[in-house]
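Input: a single structure, listed below in structure tokens.
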Amino acid sequence: MCLALPARVAERVGMDHAIVDLGGVRKRISIALVPEARVGDYVIVHVGYAIGLLDPEEAQATLQLFAEMSA
Amino acid sequence: MKYVDEFRDGDLARRIGANIAHEADPSRDYRFMEFCGGHTHAIARYGVVDLLPDNLRMIHGPGCPVCVLPIGRVDMAIRLAFERDVMLCTYGDVMRVPASDGLSLMRAKARGADIRMVYSPLDALKLAGANPGREVVFFAIGFETTTPPTALAIRQAESDGLQNFSVLCSHVLTPAAITHILRSPEVQDYRTVPIDGFVGPAHVSIVIGSRPYEGFATTYRKPVVIAGFEPLDVMQAILMLVRQVNEGRAEVENEFTRAVTREGNACAQAAMGDVFEVRESFEWRGLGQVPASALKIRGDYALFDAETRFDLDYRPVADHKQCECGAILRGVKKPTECKLFGNVCTPETPMGSCMVSSEGACAAHYSYGRFRDIPVVSS
């Protein structure tokens with residue numbers, strides 16, 4: 001139910017909408033809850049709305065942590 | 001897909017599993033509750049349980065909104081469709097939840113009720129715009145992840161001047177449910193449901209932030225680690241919980257830093273606060289009446305509140321006598337301890353709500369874990 005997926009903002013449409021790219025699938029969503037989203041950002045999409053931004057540096061840091069632990 | 005595939009790497013998962021086994025103290029047991037159905041699903045689907053030591057058990061929590069939806073709320077939606085001739089829109093997960101008289105929304109649709117499955121509340125708004133002669137009701141369920149979109153849909157209906165759109169609001173609140181579990185006799189007595197810590201919600205926490213969980217760490221001395229919904233996230237969170245328990249700490253830690261901050265999404269919180277207020281009490285399947293655990297639409301938006309608009313009343317309905325969903329949702333029983341599991345009750349013909357959504361404890365175990373229960377016999 002809380003399923004949400006990270007998708008890249010490909011294009012902003014007006015004030016509140018954007019076209020996102022999700023592994024090649026393009027979809028129009030609302031970004032009214034994440035007005036700071038810019039083209040190229042990854043947003044978390046749930047029921048047609050972006051509900052948050054994905055921080056690429058933090059994602060990298062988490063992956064780095066997994067890798068270091070396993071060394 | 002970027003930011004998904006990297007977090008499903010099997011080799012890394014096995015290594016984190018080895019670290020958990022290495023750091024877990026063999027002289028004690030660890031019992032962690034994953035609150036969310038999203039985590040329950042990930043644990044079952046990716047076989048996370050197989051990577052955990054025998055003295056560490058995951059207890060499935062009540063964080064599956066479909067599972068905790070009481071029969072009486074679904075009955076309200078069905079009555080609206082049959083008796084008030086509305087076009088009732090809802091999410092796909094809700095369609096098969098068992099209701100009274102052997103009905104579900106799906107079966108009501110088969111009997112002629114106008115019930116539409118939608119992906120987004122925006123789709124319900126579109127249907128209202130395209131059918132001005134019909135009353136369109138969006139049956140809104142879900143935790144804080146799903147609530148802000150409903151709030152925005154109501155505000156859009158107002159700004160668009162839609163006269164035929166309303167919402168049957170059944171949104172529920174995560175922190176209230178966790179508090180209820182922590183105060184339950186099963187947990188407080190530390191006998192039937194010993195919980196050493198929580199894997200905290202992923203997407204709910206994007207919206208509400210990590211701060212609302214801080215009370216659980218300080219007041220109830222339970223560690224909480226917020227985790228993403230991918231298998232490596234869950235594994236890492238379990239390792240962090242084992243470390244907290246070993247070191248005698250009870251803190252809120254955040255594994256899902258790529259999406260969750262302490263403050264959460266202020267814009268989403270403001271939209272929720274504008275449109276909704278807390279209900280005095282709300283019935284949850286399995287947990288019963290839980291005070292201040294759900295939302296209703298504020299008076300300013302009464303025009304869009306289906307309960308007001310159609311003068312609806314809530315009539316509680318008891319679950320099937322042999323269905324153990326209640327005990328399973330509280331973590332008291334496992335799916336396999338229910339007499340109906342896997343015979344009368346399957347994902348195709350669910351008797352109880354935990355078998356409906358793929359995030360429900362019973363459906364997850366039926367789909368991914370039931371053969372693990374059968375011993376392998378060599379010839």
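Chain labels A, B, ... are given in the sequence in which chains occur in the structure tokens; within each chain residues are numbered consecutively from 1, and ligands are likewise numbered from 1 in the order shown.
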
Kindly assemble as JSON lines a list of the chain A residues that lie within 9 Å of chain B, each paired with its nearest atom pair and their distance in Å to one decimal, using only C-alpha atoms, sorted first by chain and then by ascending residue number.
{"residue": "A:Met1", "atom": "CA", "partner": "B:Pro65", "partner_atom": "CA", "distance": 7.0}
{"residue": "A:Cys2", "atom": "CA", "partner": "B:Thr145", "partner_atom": "CA", "distance": 6.2}
{"residue": "A:Leu3", "atom": "CA", "partner": "B:Gly38", "partner_atom": "CA", "distance": 7.1}
{"residue": "A:Ala4", "atom": "CA", "partner": "B:His203", "partner_atom": "CA", "distance": 7.3}
{"residue": "A:Leu5", "atom": "CA", "partner": "B:Val4", "partner_atom": "CA", "distance": 8.1}
{"residue": "A:Pro6", "atom": "CA", "partner": "B:Tyr3", "partner_atom": "CA", "distance": 6.8}
{"residue": "A:Ala7", "atom": "CA", "partner": "B:Lys2", "partner_atom": "CA", "distance": 8.3}
{"residue": "A:Leu22", "atom": "CA", "partner": "B:Met1", "partner_atom": "CA", "distance": 7.4}
{"residue": "A:Gly23", "atom": "CA", "partner": "B:Met1", "partner_atom": "CA", "distance": 5.5}
{"residue": "A:Ala32", "atom": "CA", "partner": "B:Leu152", "partner_atom": "CA", "distance": 8.3}
{"residue": "A:Leu33", "atom": "CA", "partner": "B:Ala268", "partner_atom": "CA", "distance": 5.5}
{"residue": "A:Val34", "atom": "CA", "partner": "B:Cys267", "partner_atom": "CA", "distance": 7.2}
{"residue": "A:Pro35", "atom": "CA", "partner": "B:Cys267", "partner_atom": "CA", "distance": 8.5}
{"residue": "A:Ile44", "atom": "CA", "partner": "B:Ala259", "partner_atom": "CA", "distance": 8.2}
{"residue": "A:His46", "atom": "CA", "partner": "B:Thr146", "partner_atom": "CA", "distance": 7.4}
{"residue": "A:Val47", "atom": "CA", "partner": "B:Ser120", "partner_atom": "CA", "distance": 4.6}
{"residue": "A:Gly48", "atom": "CA", "partner": "B:Ser120", "partner_atom": "CA", "distance": 5.5}
{"residue": "A:Tyr49", "atom": "CA", "partner": "B:Pro149", "partner_atom": "CA", "distance": 6.5}
{"residue": "A:Ile51", "atom": "CA", "partner": "B:Val207", "partner_atom": "CA", "distance": 7.0}
{"residue": "A:Gly52", "atom": "CA", "partner": "B:Ile206", "partner_atom": "CA", "distance": 6.3}
{"residue": "A:Leu53", "atom": "CA", "partner": "B:Ala259", "partner_atom": "CA", "distance": 6.3}
{"residue": "A:Leu54", "atom": "CA", "partner": "B:Ala259", "partner_atom": "CA", "distance": 5.0}
{"residue": "A:Asp55", "atom": "CA", "partner": "B:Arg258", "partner_atom": "CA", "distance": 4.8}
{"residue": "A:Pro56", "atom": "CA", "partner": "B:Arg258", "partner_atom": "CA", "distance": 6.7}
{"residue": "A:Glu57", "atom": "CA", "partner": "B:Arg258", "partner_atom": "CA", "distance": 7.5}
{"residue": "A:Glu58", "atom": "CA", "partner": "B:Arg258", "partner_atom": "CA", "distance": 4.7}
{"residue": "A:Ala59", "atom": "CA", "partner": "B:Arg258", "partner_atom": "CA", "distance": 4.9}
{"residue": "A:Gln60", "atom": "CA", "partner": "B:Arg258", "partner_atom": "CA", "distance": 8.4}
{"residue": "A:Ala61", "atom": "CA", "partner": "B:Arg258", "partner_atom": "CA", "distance": 8.7}
{"residue": "A:Thr62", "atom": "CA", "partner": "B:Glu255", "partner_atom": "CA", "distance": 7.7}
{"residue": "A:Leu63", "atom": "CA", "partner": "B:Phe7", "partner_atom": "CA", "distance": 7.8}
{"residue": "A:Phe66", "atom": "CA", "partner": "B:Leu12", "partner_atom": "CA", "distance": 7.0}
{"residue": "A:Ala67", "atom": "CA", "partner": "B:Leu12", "partner_atom": "CA", "distance": 7.4}
{"residue": "A:Met69", "atom": "CA", "partner": "B:Ile16", "partner_atom": "CA", "distance": 7.6}
{"residue": "A:Ser70", "atom": "CA", "partner": "B:Arg15", "partner_atom": "CA", "distance": 5.8}

Expected answer as a PyMOL selection string: strand (DSSP E or B) residues in chain A: chain A and resi 5-13+17-22+25-30+42-46+49-53

Selected residues written out with C-alpha atoms, as a PDB file, in the first residue's frame:
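Contents of the output file out.pdb:
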ATOM      1  CA  LEU A   5       9.390   4.175  -6.261  1.00  0.00           C
ATOM      2  CA  PRO A   6      12.290   6.505  -6.987  1.00  0.00           C
ATOM      3  CA  ALA A   7      11.906   8.162 -10.391  1.00  0.00           C
ATOM      4  CA  ARG A   8      13.967  10.825 -12.192  1.00  0.00           C
ATOM      5  CA  VAL A   9      12.352  14.161 -12.966  1.00  0.00           C
ATOM      6  CA  ALA A  10      12.641  14.480 -16.756  1.00  0.00           C
ATOM      7  CA  GLU A  11      10.612  17.611 -17.303  1.00  0.00           C
ATOM      8  CA  ARG A  12       8.674  20.122 -15.215  1.00  0.00           C
ATOM      9  CA  VAL A  13       5.162  20.905 -16.407  1.00  0.00           C
ATOM     10  CA  HIS A  17       3.491  18.804 -12.274  1.00  0.00           C
ATOM     11  CA  ALA A  18       6.381  16.920 -13.802  1.00  0.00           C
ATOM     12  CA  ILE A  19       7.097  14.110 -16.222  1.00  0.00           C
ATOM     13  CA  VAL A  20       9.157  11.453 -14.478  1.00  0.00           C
ATOM     14  CA  ASP A  21      11.186   8.642 -15.978  1.00  0.00           C
ATOM     15  CA  LEU A  22      10.961   5.319 -14.197  1.00  0.00           C
ATOM     16  CA  VAL A  25       8.479   4.528 -18.411  1.00  0.00           C
ATOM     17  CA  ARG A  26       7.423   8.173 -18.529  1.00  0.00           C
ATOM     18  CA  LYS A  27       4.563   9.367 -16.398  1.00  0.00           C
ATOM     19  CA  ARG A  28       2.977  12.670 -15.436  1.00  0.00           C
ATOM     20  CA  ILE A  29       2.856  13.180 -11.683  1.00  0.00           C
ATOM     21  CA  SER A  30       2.124  15.952  -9.217  1.00  0.00           C
ATOM     22  CA  TYR A  42      15.119  11.689  -8.095  1.00  0.00           C
ATOM     23  CA  VAL A  43      11.749  11.913  -6.358  1.00  0.00           C
ATOM     24  CA  ILE A  44       9.846   9.186  -4.499  1.00  0.00           C
ATOM     25  CA  VAL A  45       6.527   8.632  -6.263  1.00  0.00           C
ATOM     26  CA  HIS A  46       3.413   7.351  -4.500  1.00  0.00           C
ATOM     27  CA  TYR A  49       2.419  12.312  -6.223  1.00  0.00           C
ATOM     28  CA  ALA A  50       6.071  12.880  -5.398  1.00  0.00           C
ATOM     29  CA  ILE A  51       6.201  12.641  -1.589  1.00  0.00           C
ATOM     30  CA  GLY A  52       9.916  13.257  -1.075  1.00  0.00           C
ATOM     31  CA  LEU A  53      13.291  13.884  -2.655  1.00  0.00           C
TER      32      LEU A  53
END

Contacts of B:Pro175 within 8 Å, only C-alpha atoms, excl. fewer than 2 positions in-chain, as a PyMOL selection string: chain B and resi 173+177-179+212-213

I need the chosen residues saved as a PDB file, in the first residue's frame, with N, CA and C atoms.
ATOM      1  N   LEU B 173      -3.072   6.649  11.645  1.00  0.00           N
ATOM      2  CA  LEU B 173      -1.806   7.253  12.063  1.00  0.00           C
ATOM      3  C   LEU B 173      -0.852   6.215  12.651  1.00  0.00           C
ATOM      4  N   ALA B 177      -0.595   3.851  16.558  1.00  0.00           N
ATOM      5  CA  ALA B 177      -0.678   2.387  16.545  1.00  0.00           C
ATOM      6  C   ALA B 177       0.514   1.776  17.276  1.00  0.00           C
ATOM      7  N   ILE B 178       1.696   2.359  17.105  1.00  0.00           N
ATOM      8  CA  ILE B 178       2.876   1.825  17.815  1.00  0.00           C
ATOM      9  C   ILE B 178       2.693   2.001  19.327  1.00  0.00           C
ATOM     10  N   THR B 179       2.182   3.182  19.729  1.00  0.00           N
ATOM     11  CA  THR B 179       1.925   3.414  21.154  1.00  0.00           C
ATOM     12  C   THR B 179       0.962   2.365  21.693  1.00  0.00           C
ATOM     13  N   PRO B 212       8.847  11.815  15.417  1.00  0.00           N
ATOM     14  CA  PRO B 212       7.722  11.245  16.179  1.00  0.00           C
ATOM     15  C   PRO B 212       8.040   9.929  16.892  1.00  0.00           C
ATOM     16  N   TYR B 213       9.131   9.258  16.516  1.00  0.00           N
ATOM     17  CA  TYR B 213       9.450   7.971  17.160  1.00  0.00           C
ATOM     18  C   TYR B 213      10.319   8.152  18.407  1.00  0.00           C
TER      19      TYR B 213
END

Those in stretch 66-262 of chain B with alpha helix (DSSP H) from DSSP, as a PyMOL selection string: chain B and resi 71-83+105-110+121-130+147-160+174-183+185-188+203-208+214-219+231-246

Atom CA of B:Ile71 to atom CA of B:Gln188, straight-line distance in Å: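 Pair atom CA of B:Gln188 / atom CA of B:Ile71 returns 28.2 Å.
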
Contacts of B:Phe32 at 7 Å (only C-alpha atoms; same-chain gap of 2+ positions) as a list of chain:residue names: B:Tyr30, B:Glu34, B:Arg57, B:Met58, B:Ile59, B:Ile195, B:Asp196, B:Gly197, B:Phe198

Using only C-alpha atoms, which protein or nucleic acid residues come within 7 Å of B:Ala140? Drop anything in the same chain fewer than 5 positions from it, and give the result as an mmCIF file with N, CA and C atoms, in the first residue's frame.
data_model
loop_
_atom_site.group_PDB
_atom_site.id
_atom_site.type_symbol
_atom_site.label_atom_id
_atom_site.label_comp_id
_atom_site.auth_asym_id
_atom_site.auth_seq_id
_atom_site.Cartn_x
_atom_site.Cartn_y
_atom_site.Cartn_z
ATOM 1 N N THR B 90 -11.642 3.529 -5.403
ATOM 2 C CA THR B 90 -10.676 3.196 -4.353
ATOM 3 C C THR B 90 -9.447 2.526 -4.937
ATOM 4 N N VAL B 167 -14.971 12.416 -0.114
ATOM 5 C CA VAL B 167 -14.000 11.409 0.326
ATOM 6 C C VAL B 167 -14.525 10.700 1.568
ATOM 7 N N LEU B 168 -14.506 9.361 1.526
ATOM 8 C CA LEU B 168 -14.800 8.568 2.727
ATOM 9 C C LEU B 168 -13.446 8.301 3.381
ATOM 10 N N CYS B 169 -13.139 9.119 4.382
ATOM 11 C CA CYS B 169 -11.780 9.145 4.930
ATOM 12 C C CYS B 169 -11.563 8.052 5.974
ATOM 13 N N SER B 170 -10.621 7.149 5.693
ATOM 14 C CA SER B 170 -10.260 6.104 6.663
ATOM 15 C C SER B 170 -8.747 6.107 6.880
ATOM 16 N N HIS B 171 -8.138 7.276 6.811
ATOM 17 C CA HIS B 171 -6.688 7.373 7.026
ATOM 18 C C HIS B 171 -6.347 7.176 8.501
#

Close residues, B:Gly102 itself excluded, 12 Å, only C-alpha atoms, min 4 positions apart in chain, as a list in words: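 Listing them by chain and then by number gives Ile71, Val74, Asp75, Ile78, Arg96, Val97, Pro98, Met106, Arg107, Ala108, Asp319, His320, Thr349, Pro350, Met351 and Gly352 of chain B.
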
Which residue of B:Ala363, B:Val86, B:Ala77, B:Ala327 approaches B:Leu103 most closely, using only C-alpha atoms: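 That would be B:Ala77, the residue with the smallest distance to B:Leu103.
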
Straight-line distance linking atom CA of A:Ile31 with atom CA of B:Ala157, stated in Å to one decimal: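 Atom CA of B:Ala157 lies 17.1 Å from atom CA of A:Ile31.
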